[in-house]
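Here's the structure, in structure tokens; my notes come after.
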Amino acid sequence: IFLIGTENDNLYMYPSTKPAQSHSNFPFFEFLNNIKKLNRYYFYSGNYRLFEKFGQLENDTNWEKFRYIEEITKNTNITVNDTDPNLSLMYPNTALQARYSEYHTFRVQLHGTGVYYIIPPSLGRYLYTYPYIHASVYQAQVDFYDRKLQNKLYPRSNRIVVEQVKLKPGEVLYIPPYHYIHSEAHDTLNAMLDILSPSLEQLILYEGGHVQARFENITLFEERVVIAQIYIVHILSRVQGVKSPKQFANSLYLNRYSSLF
């Protein structure tokens, strides 16, 4: 459970772009009870299998049918069936900042009407995504609702084009890997179930990370540098649109770090 704002914040259409505060010892019934008070705005994200086990629903749900199996995993010993589905609950009149995932995601709307905005990865450079070392990794820095601030801090954000989707209970949305999704809950609690399946890009990273190369017990600094370079070049060679490591590094700085430093 994450605290994303208080009664002094106007979270409706103004989602926080700051890292959410985690509340690991927060009782779930208290999370639901606070919806009536709305003096705190919380967001829940957790493993759906726990709800299945608690409610003895293992034989009554069939979310496994939404698994997406990449072609290269067939007839191999690579398994992709160990990624648990994720249940998310949003308070009424709140929004979650645009963020991306490396997974194939099927989002099932369980309760309330969810409003979602999808942005393709080709426009990710205009979202000024937080770098990987930041607490808000995977999340866009751009403020979608404060146009003046957006144009001042993120001048290229006016090139963003979104696709809006409204989901009612029982409807399903497919979100391709690395596509950004911005979520809004309006008048009621918004409950959604995300079924995740590893993407081709993740499997390539898996291949690079598990190949029998010397990535451990390296004592010389020069050796560590060379091994890191080999690993990075291997990954970049498998990614479409990358002309060179230098070009990638320059693009990475401009898209993610330049507004922070």
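Each chain of the structure tokens is named A, B, ... in the order shown, its residues numbered from 1; ligands are numbered from 1 in display order.
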Worksheet item: Per DSSP on the backbone, what are the strand (DSSP E or B) residues of segment 50-181 of chain A, as number ranges by chain?
Response: A: 86-90, 94-99, 104-111, 114-119, 129, 139-140, 163-167, 172-175, 180-181
Fill in: Shell of 10 Å around Thr129 of chain A, only C-alpha atoms, local chain residues under 3 positions omitted, as an MDAnalysis selection string
chainID A and resid 98:100 124:126 132 134 136:142 252 255:257 259
Discussion item. With distances taken over only C-alpha atoms, which residue among A:His186, A:His111, A:His179, A:His234 lies nearest Ala95 of chain A?
Written reply: A:His186
Practice prompt. Apply DSSP to the backbone of this structure and, from segment 126-227 of chain A, keep only the residues in helix (DSSP H, G or I); write these as a PyMOL selection string.
Written response: chain A and resi 126+147-153+155-159+200-210+221-227
Practice prompt. Kindly indicate which residue among A:Asn190, A:Tyr48, A:Arg107, A:Pro245 lies nearest to Tyr231 of chain A, using only C-alpha atoms for the distances.
Written response: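 Among A:Asn190, A:Tyr48, A:Arg107, A:Pro245, it is A:Pro245 that comes nearest to Tyr231 of chain A.
Comparing the minimum interatomic distances between Leu110 of chain A and each of A:Ser88, A:Leu203, A:Phe51, A:Ile227, counting only C-alpha atoms, we find that A:Ser88 sits nearest.
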Practice prompt. Would you mind listing what lies within 8 Å of Met90 of chain A as a list in words, with only C-alpha atoms counted and same-chain residues fewer than 4 positions away left out?
Written response: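 Contacts, with the query itself left out: Tyr42, Phe43, Tyr44, Thr94, Ala95, Ala185, Leu189, Asn190 and Ala191 of chain A.
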Item to complete: Give me the residues within 7 Å of Leu87 of chain A as number ranges by chain, counting only C-alpha atoms and dropping any in the same chain fewer than 4 places off.
Response: A: 45-48, 192-194
Fill in: Residue nearest Tyr130 of chain A - candidates A:Gln97, A:Val108, A:Glu184, A:Ser244, atoms counted: only C-alpha atoms
A:Gln97
Item to complete: May I have the residues within 12 Å of Lys65 of chain A as a list of chain:residue names, using only C-alpha atoms and disregarding those fewer than 5 positions away in the same chain?
Response: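 What passes the distance filter is A:Asn81, A:Pro85, A:Phe106, A:Ile195, A:Leu196, A:Ser197.
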